[in-house]
Each structure stands twice: as C-alpha cells, then as structure tokens.
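Structure first, commentary second.
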There are 2 protein chains.
Amino acid sequence: MPWLGGIRSRVLVMELNKLIEKELIAGIRKDFGIESPEAVELGIGDDAAVIKSGEKKLVLTKDLLIEDVHFVFSSHPPALLGRKSLSINLSDIAAMGCTPKYALLGLGLPVNVKVEWVQEYFSGFRETALEYNTTLIGGDVTQADKVVISISLIGEGEMYIRRGGAKPGDLLFVSGTLGDSAQGLILSKQGIGLGEGLNTDFLLRAFFDPVPQVSLGEKLAELKLASALIDISDGLSVDLKHICEESNSGAEIELNRIPISPELRSVREDSVDLALQGGEDYQLLFAVPPEKEKQVSNLFSKFKITKIGRIISGRDIFINGKNGTRKLLEIKGYQHFT
Amino acid sequence: MPWLGGIRSRVLVMELNKLIEKELIAGIRKDFGIESPEAVELGIGDDAAVIKSGEKKLVLTKDLLIEDVHFVFSSHPPALLGRKSLSINLSDIAAMGCTPKYALLGLGLPVNVKVEWVQEYFSGFRETALEYNTTLIGGDVTQADKVVISISLIGEGEMYIRRGGAKPGDLLFVSGTLGDSAQGLILSKQGIGLGEGLNTDFLLRAFFDPVPQVSLGEKLAELKLASALIDISDGLSVDLKHICEESNSGAEIELNRIPISPELRSVREDSVDLALQGGEDYQLLFAVPPEKEKQVSNLFSKFKITKIGRIISGRDIFINGKNGTRKLLEIKGYQHFT
C-alpha cells in the first residue's frame, strides 16, 4: 500500500507528481489525521493501516493493479496474475509482521475479455488464498476499458512492526535475492516467455508470481526481532530510504553483500543496479538491534536472509564498495512501463 | 458491493455476463466458501461481508467506480464525485444496518489530470467522511488511462440485517423518492448541468451526490425492525428481486404507492418506469413484520419512509395498478452508459 509514494505515483506527470509526493500526502495526513478516532493506531503512511478491534489489532491494506501500468495483458499468464494480485497485498501484511485473513476483490473487465481468462485469474487467486489461509469475503465486478484489479486485505496480529523504529547501530537484513523481478520484466518486454529456459523461467516467475514473505514477517513479530520492517516493492534503495525517513536515521550498505541470484548473474553481467533499484521484489527489509543478531541467525536454516548493512546516525544513505570506497546510494526505482 | 450482479456486470458482454451471473458467482461462492473460517459470518452475496472480531462484528464492502462506466469525467463535478464515491460505499454499510468507520481509497489517475481536480475530489471525499465519522486510513494512488476509484469501507455493528429474512406477510417500505438519480443522469447526458433550474438541480444532485441512508439503517438495526434490508443501487425491481431470492419469497407492490418526487414529475410525465427500474437511488428497501408496523410509523417524523407493498409466498413479484389490475413486475435495471 504505497500511499502516494514510490514508483506507482512517480510515473504520473511531474506537476501532479510533485503535489502527490509533497503537498497532497501532507494535506491528506493532516486533513484526515486530525479527526482520527483513538481506535486508529496507525493511519496513512506505512505498509498497512492498523486499527484496534477489541483485544486484536486489524491491519488493512489496498493495492491497485492496472493493465499497461502494472502488467501487460498479453504476456502475464492470467493464473499468475491472479496469484500476484493477491501476493502483493499479502506482502504488505507481511511487512507489518501480521497474519493475512480476509480479502475483498474489485475487478474491472473489458467487454471482450474471455471467460477462460476470468476463470484462470480466479483459479490463481484462489490457489494463493488457500496457501495463505486467506478468505475471499466479497467484492465487486464491473466493466472497464482495461483490466483493473483492486484488492483490499485485512490481517490480524497481536503486534505489528512499523517502518520507523530503527536506531543507529541496528543491523540491516534482507530476505531472498534482489533484482530478479526487474530482470523478469525486462525479459518479458523482450518477448521471452515461460518455458524457454530454467534461468529465464526463474526470473520471469519472480515478476509474474512473486512470493510474499508472510512466514518471515510473522516470525519477526513473534520473536520481536525487528525494530523496523518494510517490503521491497519500489526497490531496495527507495524502500531503505522509507525506513530511514520514518526512523530519522541514515544507513550504510555493503555492495558485496547484496544478495543476487545465480539466475540473474547468468543473464546479466552488471546486475547490482537492478538489485538496488529494481523494484517488485516483495522481499522483506528489516532492521535488528545488534544484541538480537544471534536470534536472527537462528532463522537462517528456515529463511534465506542476508545481512547487508546497518543503520547510522544522520540522514545519508551510503553504499560501501570495493577497496574501501564509499558513496551516497542513488535513490531511485525502476520505471516499469514508461 | 454488488457481487457480480446488477447493472454493473450486466453491461458486460453476454458470454461473460452469463458466466458471471450464473457459474462464476456460484463457483466463487462454492470454491471460496468451503474454506471460510468460523469468523466469517457472512461471505459473498450480500451488501457487505461480516466477520467477527472479538465481541464486535465488522462489516466490509468495496465498490469500484470507473470513468465512462459509472461517471463521465467532464460532467461530474470532482468534489461531488469525491462525495459520491464514498457515499455509495456508505450506502452498503447502511444496507447492513451498521455504522461506517474506516475507509481505504485506491485512485487510478490519468497523467493529464489537473492538480485542482485531485484537490477537489479529496475535498469532497473528506467532507462526506467527516459527515459520517469515517476515517481514511490508507490507500494507493497510481497511474491509469482513465480515472479509477476503488473504495473499501469497514463498518461496525452489534448486529446486522441481511437481504434474506423476509417472510410472507411482512410489509415492504422504501426510504426517500425513487427515480431521481436516473433522471439526473438523463439530464446530464442531455448536457444540462447544475445551476440551470431548481428541479433539474435536485435531480442532478440525486445522481451526482446521492445521500446514503446511514442513520435509518442504524435505527432499523437498533430497534430490530427489519427482517430484510437492501440499498437500491440497481433499481427497485432488481433489488426487490434480490430480497425475494434471498428470502425464498415473492412480493407485491402497489403502483400508486411508489414514492416519486415532485421534481421528477415536473420534468417527466411518465416517471414510474424510472422509479421502478432507475437505479442508483441509494435509498433503503426493507421488510417489516406486520406487528412492528406501528414502530416504523414512529420513525416517519425523522425519516421519509413509504409503505409500498408486502412479501407474499411463492416466488413471483407482482405490481398492482389502477382498477385492481395486477401483473408481474418487469425486473430490469437501467443501463447507464451503454
């Protein structure tokens, strides 16, 4: 649920863009924030909103997926689109350390869409819903010029982990490998489809059917390991900046520690740019107080997790390269369809 | 939240339409229903879904509004679109007899949309949110070819009123007047705008800025007056049929009791067709056991409510006209933009 931030709004024209990134978001936060009832624990600005409901906390998120903005109809297999549309919302719940529960699905369909496409979409959606014990409780289907998918997801948790909360000295970890999805998109735009090779299949899958890190998020919350948590939807650099901004801190990361898959290396010589700025990885980025590092390493047997750097004081974000080089990290996300 | 039913899906092409209305909805209900956890009290098929959360019940709904399907960008004043987009979701919560609490807003915007348009949209949205004590807790803004508005609304209630629950002998009531919104749409398509006359303003307002019947819905639930409740989004005939189907019953309504505004009569000689099949009235239609009629009439001082007929056994829906004529009610909704 990237509120007016990140790649999705940055592809808007500059005038609107500027408003959205600065005034509008501030205005909305201010306008809508003042009348927030006490039950709203966390409103606009994180991966999901949190409301109190009795003893429990409910986390709520919403993402729009729009044809030709977030996916190309002709290249994205419908069952995988069904999976992805739910998975990116599951990832927002994972980024709070909470457990997904209920989904609402809004679907806008062109008049010429085939029945089979809709059936396959739903079969993929249902598969993912079952995998993550999430129940579709309702929605709305309507006509549209292009396919529009709007999913709202409701999760629960005893507690939740925000983006802001990291302190200087905290260690930075990331799950999985980075840049695969961005390379998958590049391959897809080159006309390469599934079934043409093991490496390309892996990369295409990362884009068509990313895996939300729900179990890891739950574990981080259960063990109270993370001081800050976000999912990487806009790319490592942008999402690390989100953590730093919300935590009033800076960071430094080690270039040679950025996890890059052999599959990505196999098709791209210089793959670190995609790993830093690629977007749509849906891996988790989190900060851990140093005294809890041991506990995180206990998770290594179950989850792929890599230590990539640390939180520092100040507001700068550095990347440390070979031979002791150190420079400011370029904060940018990949522009998908522009 | 008209799940794959009503006007919104009926404007889809026939093949998809048939699937959506029959197989797909049944398939979704079946496929997704079997794994519903106990906490889901009411899933797909009513105005909103209901989940238990501690002592409370949460009601959840979602509606999509798409440019050129549900509104025309050039004629719908943006502040009123902001109001309406929230109001039609508030109406779904009202149709459960519950109290709206939290909103998530997804907005797809074309690159050429003006900043002023967005500001006015939000000012209208905020106005309505304040009027109904509803808090915007998050959302997503992204690029789109045409304006796409997706709102999810979360409400609360001690109890809720379903569509199914009416029994033969129950009396049928409707709030407000019917057909105004459909005539407002007709006027708008004729190029008539706000400020050109008192009567046309009233009718245009009914379309541009319908008033959700939240207080009435809450009162009906609080006093346990209604055995079945729905909001009229697809037109009286279609929504009455929804009540009858879900209640396994028929109905008869009295032609001369259908509430029609003087404003509608002033611009249209034969206005009963719009009142029966017009759609987008967002008034409440509800059934009341006869022994509770007196209690409903106690509400007449605060709410405009009209008794229009009764629930009968069987599955037919009749309309009784002048001189004792009686015929089957034609069940159809108005096709907005086709």
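Naming scheme: A, B, ... for chains in displayed order of the structure tokens; residues 1 onward per chain; ligands 1 onward as shown.
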
What would chain A look like once superposed on chain B, with the fit done by least squares over all C-alpha atoms paired in order? Give it as a tab-separated table (two decimals) with C-alpha atoms, in the first residue's frame.
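Final file, part04.tsv:
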chain	number	residue	atom	x	y	z
A	1	MET	CA	-20.94	-4.24	-3.14
A	2	PRO	CA	-22.94	-5.93	-5.87
A	3	TRP	CA	-21.03	-9.18	-6.31
A	4	LEU	CA	-21.15	-10.01	-9.94
A	5	GLY	CA	-24.75	-8.98	-10.09
A	6	GLY	CA	-26.84	-6.02	-11.08
A	7	ILE	CA	-26.25	-3.33	-13.62
A	8	ARG	CA	-22.52	-3.25	-13.27
A	9	SER	CA	-21.95	-6.72	-14.57
A	10	ARG	CA	-24.92	-6.73	-16.88
A	11	VAL	CA	-23.24	-4.23	-19.14
A	12	LEU	CA	-20.52	-6.79	-19.80
A	13	VAL	CA	-20.85	-8.85	-22.96
A	14	MET	CA	-23.29	-11.67	-22.88
A	15	GLU	CA	-20.89	-14.59	-22.74
A	16	LEU	CA	-18.99	-13.27	-19.77
A	17	ASN	CA	-22.22	-11.97	-18.38
A	18	LYS	CA	-23.86	-15.36	-18.32
A	19	LEU	CA	-20.83	-16.89	-16.68
A	20	ILE	CA	-20.63	-14.15	-14.13
A	21	GLU	CA	-24.27	-14.28	-13.20
A	22	LYS	CA	-24.51	-18.03	-12.97
A	23	GLU	CA	-21.44	-20.23	-12.98
A	24	LEU	CA	-18.72	-17.90	-11.78
A	25	ILE	CA	-20.60	-16.51	-8.82
A	26	ALA	CA	-21.74	-20.00	-7.85
A	27	GLY	CA	-18.21	-21.28	-8.40
A	28	ILE	CA	-16.67	-18.53	-6.33
A	29	ARG	CA	-19.18	-19.02	-3.55
A	30	LYS	CA	-18.48	-22.75	-3.59
A	31	ASP	CA	-14.72	-22.56	-4.11
A	32	PHE	CA	-14.08	-19.85	-1.60
A	33	GLY	CA	-16.90	-20.72	0.73
A	34	ILE	CA	-15.74	-24.14	1.79
A	35	GLU	CA	-12.59	-22.89	3.40
A	36	SER	CA	-14.24	-19.96	5.18
A	37	PRO	CA	-13.14	-19.87	8.77
A	38	GLU	CA	-15.76	-19.66	11.49
A	39	ALA	CA	-15.06	-15.95	11.97
A	40	VAL	CA	-16.66	-15.21	8.58
A	41	GLU	CA	-20.32	-14.78	9.48
A	42	LEU	CA	-21.44	-13.63	6.08
A	43	GLY	CA	-19.36	-14.03	2.92
A	44	ILE	CA	-20.05	-13.38	-0.73
A	45	GLY	CA	-23.55	-12.37	-1.79
A	46	ASP	CA	-24.95	-9.61	0.43
A	47	ASP	CA	-24.38	-5.84	0.49
A	48	ALA	CA	-21.33	-6.34	2.68
A	49	ALA	CA	-19.38	-9.16	4.25
A	50	VAL	CA	-19.38	-9.69	8.01
A	51	ILE	CA	-16.58	-11.03	10.16
A	52	LYS	CA	-16.47	-11.51	13.90
A	53	SER	CA	-13.71	-9.65	15.66
A	54	GLY	CA	-13.86	-10.19	19.38
A	55	GLU	CA	-17.26	-9.02	20.65
A	56	LYS	CA	-17.91	-6.85	17.63
A	57	LYS	CA	-18.95	-7.54	14.12
A	58	LEU	CA	-17.05	-5.90	11.32
A	59	VAL	CA	-18.84	-5.30	8.03
A	60	LEU	CA	-16.72	-4.81	4.92
A	61	THR	CA	-17.64	-3.61	1.47
A	62	LYS	CA	-15.93	-2.50	-1.72
A	63	ASP	CA	-17.13	-0.70	-4.83
A	64	LEU	CA	-15.33	0.28	-8.00
A	65	LEU	CA	-16.20	3.48	-9.87
A	66	ILE	CA	-14.78	3.69	-13.36
A	67	GLU	CA	-14.74	6.65	-15.73
A	68	ASP	CA	-17.17	6.27	-18.64
A	69	VAL	CA	-18.78	3.27	-16.94
A	70	HIS	CA	-20.08	4.89	-13.75
A	71	PHE	CA	-19.41	8.55	-14.37
A	72	VAL	CA	-18.38	10.97	-17.09
A	73	PHE	CA	-15.27	12.95	-16.21
A	74	SER	CA	-16.33	16.14	-17.95
A	75	SER	CA	-19.79	16.38	-16.42
A	76	HIS	CA	-19.36	15.09	-12.86
A	77	PRO	CA	-18.10	17.88	-10.58
A	78	PRO	CA	-14.98	16.42	-8.90
A	79	ALA	CA	-15.97	17.38	-5.36
A	80	LEU	CA	-19.31	15.64	-5.87
A	81	LEU	CA	-17.54	12.61	-7.32
A	82	GLY	CA	-15.41	12.55	-4.17
A	83	ARG	CA	-18.62	12.59	-2.13
A	84	LYS	CA	-20.43	10.01	-4.27
A	85	SER	CA	-17.55	7.54	-4.38
A	86	LEU	CA	-17.62	7.36	-0.60
A	87	SER	CA	-21.42	7.62	-0.32
A	88	ILE	CA	-22.16	4.54	-2.41
A	89	ASN	CA	-19.94	2.53	-0.07
A	90	LEU	CA	-21.56	4.14	2.97
A	91	SER	CA	-24.86	3.00	1.48
A	92	ASP	CA	-23.68	-0.62	1.51
A	93	ILE	CA	-22.89	-0.31	5.22
A	94	ALA	CA	-26.30	1.36	5.76
A	95	ALA	CA	-27.87	-1.61	3.96
A	96	MET	CA	-26.49	-3.84	6.72
A	97	GLY	CA	-27.81	-1.56	9.47
A	98	CYS	CA	-24.26	-0.89	10.61
A	99	THR	CA	-22.07	2.14	11.35
A	100	PRO	CA	-19.28	3.12	8.93
A	101	LYS	CA	-15.84	3.55	10.50
A	102	TYR	CA	-12.80	3.30	8.22
A	103	ALA	CA	-12.07	3.78	4.53
A	104	LEU	CA	-9.28	2.69	2.19
A	105	LEU	CA	-9.05	4.62	-1.08
A	106	GLY	CA	-7.46	3.40	-4.30
A	107	LEU	CA	-7.19	6.01	-7.03
A	108	GLY	CA	-6.02	5.50	-10.60
A	109	LEU	CA	-5.35	8.82	-12.35
A	110	PRO	CA	-4.53	9.65	-15.96
A	111	VAL	CA	-1.24	11.53	-16.47
A	112	ASN	CA	-3.06	14.61	-17.72
A	113	VAL	CA	-5.41	15.03	-14.77
A	114	LYS	CA	-5.18	18.48	-13.21
A	115	VAL	CA	-3.97	19.02	-9.68
A	116	GLU	CA	-7.12	21.05	-8.98
A	117	TRP	CA	-9.29	18.11	-9.95
A	118	VAL	CA	-7.50	15.88	-7.46
A	119	GLN	CA	-7.75	18.51	-4.73
A	120	GLU	CA	-11.46	18.97	-5.32
A	121	TYR	CA	-12.02	15.24	-5.39
A	122	PHE	CA	-10.33	14.90	-2.00
A	123	SER	CA	-12.18	17.87	-0.54
A	124	GLY	CA	-15.50	16.25	-1.42
A	125	PHE	CA	-14.36	12.89	-0.14
A	126	ARG	CA	-13.22	14.47	3.12
A	127	GLU	CA	-16.48	16.39	3.57
A	128	THR	CA	-18.51	13.19	3.34
A	129	ALA	CA	-16.05	11.30	5.54
A	130	LEU	CA	-16.50	13.95	8.23
A	131	GLU	CA	-20.29	13.89	7.91
A	132	TYR	CA	-20.36	10.16	8.56
A	133	ASN	CA	-17.51	9.96	11.10
A	134	THR	CA	-15.49	7.84	8.72
A	135	THR	CA	-11.68	7.89	8.83
A	136	LEU	CA	-9.50	7.48	5.75
A	137	ILE	CA	-6.79	5.14	7.00
A	138	GLY	CA	-4.81	4.43	3.83
A	139	GLY	CA	-4.81	3.63	0.17
A	140	ASP	CA	-2.94	3.62	-3.07
A	141	VAL	CA	-2.59	6.14	-5.89
A	142	THR	CA	-1.37	5.03	-9.27
A	143	GLN	CA	-1.43	5.87	-12.95
A	144	ALA	CA	-4.31	4.76	-15.16
A	145	ASP	CA	-5.69	5.55	-18.61
A	146	LYS	CA	-8.99	6.65	-17.13
A	147	VAL	CA	-9.98	7.59	-13.62
A	148	VAL	CA	-10.50	4.52	-11.45
A	149	ILE	CA	-11.81	4.84	-7.90
A	150	SER	CA	-11.82	1.87	-5.59
A	151	ILE	CA	-13.00	2.32	-2.05
A	152	SER	CA	-13.19	-0.24	0.70
A	153	LEU	CA	-15.20	0.60	3.74
A	154	ILE	CA	-15.18	-1.05	7.13
A	155	GLY	CA	-18.12	-0.66	9.46
A	156	GLU	CA	-19.09	-2.00	12.84
A	157	GLY	CA	-22.29	-3.16	14.42
A	158	GLU	CA	-23.69	-5.13	17.30
A	159	MET	CA	-25.88	-6.87	14.77
A	160	TYR	CA	-26.60	-6.66	11.06
A	161	ILE	CA	-29.57	-7.13	8.75
A	162	ARG	CA	-29.33	-9.42	5.74
A	163	ARG	CA	-31.19	-9.42	2.45
A	164	GLY	CA	-32.73	-12.81	3.18
A	165	GLY	CA	-35.00	-12.97	6.19
A	166	ALA	CA	-38.29	-11.57	4.94
A	167	LYS	CA	-41.40	-13.71	5.49
A	168	PRO	CA	-44.79	-13.71	3.70
A	169	GLY	CA	-46.95	-11.05	5.31
A	170	ASP	CA	-44.02	-8.73	6.04
A	171	LEU	CA	-44.62	-5.20	4.85
A	172	LEU	CA	-42.29	-3.51	2.37
A	173	PHE	CA	-41.03	0.01	2.97
A	174	VAL	CA	-38.75	2.27	1.01
A	175	SER	CA	-36.98	5.46	2.03
A	176	GLY	CA	-36.94	8.73	0.07
A	177	THR	CA	-38.13	9.01	-3.51
A	178	LEU	CA	-37.17	6.81	-6.43
A	179	GLY	CA	-36.03	7.52	-9.99
A	180	ASP	CA	-34.49	10.93	-9.29
A	181	SER	CA	-30.94	9.73	-9.86
A	182	ALA	CA	-31.79	8.04	-13.16
A	183	GLN	CA	-33.46	11.23	-14.37
A	184	GLY	CA	-30.44	13.21	-13.19
A	185	LEU	CA	-28.25	11.02	-15.34
A	186	ILE	CA	-30.57	11.55	-18.32
A	187	LEU	CA	-30.40	15.31	-17.81
A	188	SER	CA	-26.62	15.19	-17.53
A	189	LYS	CA	-26.37	13.23	-20.76
A	190	GLN	CA	-28.55	15.92	-22.36
A	191	GLY	CA	-25.90	18.45	-21.40
A	192	ILE	CA	-27.82	20.01	-18.55
A	193	GLY	CA	-25.62	21.00	-15.62
A	194	LEU	CA	-26.06	22.28	-12.10
A	195	GLY	CA	-27.38	25.82	-11.71
A	196	GLU	CA	-29.88	25.73	-14.57
A	197	GLY	CA	-33.03	25.25	-12.50
A	198	LEU	CA	-34.29	24.14	-9.09
A	199	ASN	CA	-35.94	20.97	-10.35
A	200	THR	CA	-33.06	19.90	-12.54
A	201	ASP	CA	-30.59	20.70	-9.75
A	202	PHE	CA	-32.49	18.40	-7.40
A	203	LEU	CA	-32.41	15.57	-9.94
A	204	LEU	CA	-28.80	16.12	-10.95
A	205	ARG	CA	-27.80	16.16	-7.28
A	206	ALA	CA	-29.54	12.81	-6.77
A	207	PHE	CA	-27.21	11.38	-9.40
A	208	PHE	CA	-24.02	13.35	-8.67
A	209	ASP	CA	-24.26	13.31	-4.89
A	210	PRO	CA	-26.67	10.70	-3.53
A	211	VAL	CA	-27.28	10.66	0.23
A	212	PRO	CA	-26.58	7.33	1.94
A	213	GLN	CA	-29.24	6.37	4.48
A	214	VAL	CA	-26.86	5.56	7.30
A	215	SER	CA	-28.99	6.84	10.21
A	216	LEU	CA	-32.06	4.98	9.02
A	217	GLY	CA	-30.09	1.75	8.61
A	218	GLU	CA	-28.66	2.10	12.12
A	219	LYS	CA	-32.12	2.80	13.55
A	220	LEU	CA	-33.66	-0.25	11.84
A	221	ALA	CA	-30.94	-2.45	13.34
A	222	GLU	CA	-31.08	-0.82	16.77
A	223	LEU	CA	-34.85	-1.29	17.02
A	224	LYS	CA	-34.73	-4.70	15.29
A	225	LEU	CA	-37.49	-3.59	12.93
A	226	ALA	CA	-36.44	-5.06	9.58
A	227	SER	CA	-36.47	-8.72	8.59
A	228	ALA	CA	-34.62	-7.92	5.35
A	229	LEU	CA	-32.75	-4.84	4.15
A	230	ILE	CA	-31.01	-3.75	0.95
A	231	ASP	CA	-29.98	-0.48	-0.61
A	232	ILE	CA	-31.43	0.35	-4.01
A	233	SER	CA	-28.43	0.58	-6.29
A	234	ASP	CA	-29.72	-1.37	-9.27
A	235	GLY	CA	-33.30	-0.10	-9.19
A	236	LEU	CA	-36.32	-1.07	-7.09
A	237	SER	CA	-37.32	-4.02	-9.26
A	238	VAL	CA	-33.87	-5.65	-9.29
A	239	ASP	CA	-33.17	-5.05	-5.63
A	240	LEU	CA	-36.62	-6.23	-4.57
A	241	LYS	CA	-35.89	-9.39	-6.52
A	242	HIS	CA	-32.64	-9.77	-4.54
A	243	ILE	CA	-34.61	-9.64	-1.30
A	244	CYS	CA	-37.16	-12.14	-2.63
A	245	GLU	CA	-34.48	-14.54	-3.89
A	246	GLU	CA	-32.51	-14.48	-0.68
A	247	SER	CA	-35.70	-14.74	1.38
A	248	ASN	CA	-37.26	-17.50	-0.79
A	249	SER	CA	-40.39	-15.47	-1.23
A	250	GLY	CA	-42.38	-13.30	-3.62
A	251	ALA	CA	-43.73	-9.79	-3.27
A	252	GLU	CA	-46.45	-7.45	-4.40
A	253	ILE	CA	-46.11	-3.70	-4.62
A	254	GLU	CA	-48.71	-0.99	-5.19
A	255	LEU	CA	-48.07	1.24	-8.19
A	256	ASN	CA	-49.75	4.27	-6.62
A	257	ARG	CA	-47.59	3.99	-3.51
A	258	ILE	CA	-44.22	4.24	-5.24
A	259	PRO	CA	-42.72	7.50	-3.93
A	260	ILE	CA	-41.97	9.90	-6.75
A	261	SER	CA	-40.64	13.39	-6.15
A	262	PRO	CA	-42.46	16.49	-7.43
A	263	GLU	CA	-39.18	17.39	-9.13
A	264	LEU	CA	-39.20	14.18	-11.14
A	265	ARG	CA	-42.90	14.61	-11.99
A	266	SER	CA	-42.18	18.15	-13.12
A	267	VAL	CA	-39.74	17.10	-15.84
A	268	ARG	CA	-41.18	13.70	-16.83
A	269	GLU	CA	-44.77	12.77	-17.43
A	270	ASP	CA	-44.45	9.02	-17.03
A	271	SER	CA	-41.92	8.74	-14.27
A	272	VAL	CA	-42.88	5.39	-12.77
A	273	ASP	CA	-40.55	3.44	-15.07
A	274	LEU	CA	-37.56	5.28	-13.69
A	275	ALA	CA	-38.82	4.81	-10.15
A	276	LEU	CA	-39.11	1.05	-10.69
A	277	GLN	CA	-36.05	0.46	-12.83
A	278	GLY	CA	-33.91	3.54	-12.51
A	279	GLY	CA	-31.04	2.52	-10.26
A	280	GLU	CA	-28.54	4.45	-8.16
A	281	ASP	CA	-31.19	5.76	-5.78
A	282	TYR	CA	-29.24	4.53	-2.73
A	283	GLN	CA	-32.47	4.52	-0.76
A	284	LEU	CA	-33.20	1.63	1.60
A	285	LEU	CA	-35.75	-1.06	0.83
A	286	PHE	CA	-36.78	-3.16	3.81
A	287	ALA	CA	-39.30	-5.69	5.02
A	288	VAL	CA	-41.03	-5.34	8.39
A	289	PRO	CA	-43.12	-7.94	10.26
A	290	PRO	CA	-46.70	-6.57	10.47
A	291	GLU	CA	-46.66	-6.41	14.27
A	292	LYS	CA	-43.85	-3.87	14.04
A	293	GLU	CA	-45.59	-1.52	11.59
A	294	LYS	CA	-46.51	0.87	14.39
A	295	GLN	CA	-42.87	1.19	15.41
A	296	VAL	CA	-41.89	2.01	11.83
A	297	SER	CA	-44.54	4.70	11.64
A	298	ASN	CA	-42.95	6.26	14.73
A	299	LEU	CA	-39.93	6.91	12.52
A	300	PHE	CA	-41.95	8.90	9.98
A	301	SER	CA	-41.25	12.18	11.78
A	302	LYS	CA	-37.52	11.73	11.33
A	303	PHE	CA	-37.24	9.79	8.07
A	304	LYS	CA	-39.14	9.87	4.80
A	305	ILE	CA	-40.44	6.30	4.57
A	306	THR	CA	-43.25	4.91	2.41
A	307	LYS	CA	-45.05	1.58	2.64
A	308	ILE	CA	-45.10	0.19	-0.91
A	309	GLY	CA	-46.28	-3.40	-0.59
A	310	ARG	CA	-45.72	-6.74	1.09
A	311	ILE	CA	-43.90	-10.03	0.93
A	312	ILE	CA	-46.02	-12.95	-0.30
A	313	SER	CA	-45.47	-16.66	-0.63
A	314	GLY	CA	-44.27	-18.10	-3.94
A	315	ARG	CA	-41.55	-16.50	-5.99
A	316	ASP	CA	-43.48	-14.07	-8.19
A	317	ILE	CA	-43.24	-10.32	-7.86
A	318	PHE	CA	-46.43	-8.48	-8.77
A	319	ILE	CA	-47.28	-4.86	-9.26
A	320	ASN	CA	-50.86	-3.84	-8.51
A	321	GLY	CA	-52.10	-0.95	-10.61
A	322	LYS	CA	-55.24	1.07	-11.03
A	323	ASN	CA	-58.68	-0.54	-10.95
A	324	GLY	CA	-57.44	-3.76	-9.43
A	325	THR	CA	-55.05	-4.65	-12.26
A	326	ARG	CA	-52.23	-6.96	-11.29
A	327	LYS	CA	-49.26	-7.99	-13.38
A	328	LEU	CA	-45.78	-9.38	-12.99
A	329	LEU	CA	-43.23	-6.66	-12.29
A	330	GLU	CA	-40.67	-6.36	-15.05
A	331	ILE	CA	-37.31	-6.95	-13.39
A	332	LYS	CA	-34.74	-4.78	-15.10
A	333	GLY	CA	-32.23	-2.12	-14.25
A	334	TYR	CA	-31.30	0.93	-16.21
A	335	GLN	CA	-28.27	0.54	-18.49
A	336	HIS	CA	-26.23	3.60	-17.65
A	337	PHE	CA	-23.59	4.10	-20.27
A	338	THR	CA	-24.33	1.56	-22.95

(message) as a PyMOL selection string, please: every residue in segment 24-186 of chain B that DSSP puts in alpha helix (DSSP H).
(response) chain B and resi 25-33+78-94+115-131+180-186
